Amino acid sequence: MTTQLTKQLDKQLDKQWTTICQLDDLTPNAGTCAQFKNQQVAIFMCSHTEQVYAVSNFDPIGEAHVLSRGLMGSTEDISYVASPLYKQRFNLATGECLDAPEHVLKTFDIRVEKSQIQLKEAS
């Protein structure tokens with residue numbers, strides 16, 4: 001593949017990403033709610049692992065957009081957010097509810113690019 005073609009493909013792929021905020025806008029170990037393509041997204045940054053996560057802000061059990069206000073934690077190397085309503089824990093990487101596996105949150109691809117938090121629809 002030529003260098004020019006590779007650069008064109010990279011530009012097309014980069015267009016799929018949307019800048020949501022700056023890395024400095026996030027509070028470690030706490031959630032931030034953002035609007036992304038008419039959806040509320042809860043964004044979390046784990047200070048221990050330095051990973052960022054993006055899941056739907058909608059709690060399917062409490063039926064409210066509140067997960068960005070939940071508490072972050074970890075168990076058995078799984079980072080999760082506990083809903084502020086009924087305290088169910090959702091795996092931040094997969095969206096699966098650890099306490100009621102029939103409930104799964106939508107997850108989003110997330111990256112840090114030049115200190116910018118960027119999202120795209122999960123593939």
# chains A, B, ... in the order shown; residues from 1 in each chain; ligands from 1
$ select_by_dssp --residues "stretch 2-75 of chain A" --states "strand (DSSP E or B)" --output "ChimeraX atom specification"
/A:18-22,31-36,39-45,52-56,58-59,64-65,71-75
$ write_last_selection --atoms "C-alpha atoms" --output "JSON list (two decimals), in the first residue's frame"
[["chain", "number", "residue", "atom", "x", "y", "z"],
["A", 18, "THR", "CA", -15.61, 13.10, 17.63],
["A", 19, "THR", "CA", -13.84, 15.27, 20.18],
["A", 20, "ILE", "CA", -15.98, 15.49, 23.32],
["A", 21, "CYS", "CA", -13.78, 17.35, 25.81],
["A", 22, "GLN", "CA", -10.22, 17.83, 26.98],
["A", 31, "GLY", "CA", -18.03, 10.39, 35.90],
["A", 32, "THR", "CA", -18.71, 13.14, 33.41],
["A", 33, "CYS", "CA", -21.82, 13.27, 31.25],
["A", 34, "ALA", "CA", -21.45, 14.30, 27.61],
["A", 35, "GLN", "CA", -23.75, 14.57, 24.62],
["A", 36, "PHE", "CA", -22.68, 12.41, 21.66],
["A", 39, "GLN", "CA", -27.10, 10.27, 23.30],
["A", 40, "GLN", "CA", -26.02, 10.89, 26.88],
["A", 41, "VAL", "CA", -22.66, 9.22, 27.47],
["A", 42, "ALA", "CA", -21.00, 8.70, 30.86],
["A", 43, "ILE", "CA", -17.22, 9.10, 30.62],
["A", 44, "PHE", "CA", -14.91, 7.82, 33.35],
["A", 45, "MET", "CA", -11.16, 8.03, 33.90],
["A", 52, "VAL", "CA", -10.81, 6.02, 30.03],
["A", 53, "TYR", "CA", -14.23, 4.45, 29.52],
["A", 54, "ALA", "CA", -17.46, 5.52, 27.84],
["A", 55, "VAL", "CA", -20.84, 3.91, 28.46],
["A", 56, "SER", "CA", -24.45, 4.96, 28.09],
["A", 58, "PHE", "CA", -28.90, 5.47, 31.02],
["A", 59, "ASP", "CA", -29.40, 3.08, 33.93],
["A", 64, "ALA", "CA", -32.92, 7.22, 34.43],
["A", 65, "HIS", "CA", -29.89, 8.98, 32.95],
["A", 71, "LEU", "CA", -19.37, 5.51, 42.11],
["A", 72, "MET", "CA", -16.37, 3.93, 40.40],
["A", 73, "GLY", "CA", -14.82, 0.83, 41.86],
["A", 74, "SER", "CA", -13.11, -2.40, 40.92],
["A", 75, "THR", "CA", -13.39, -6.05, 41.76]]
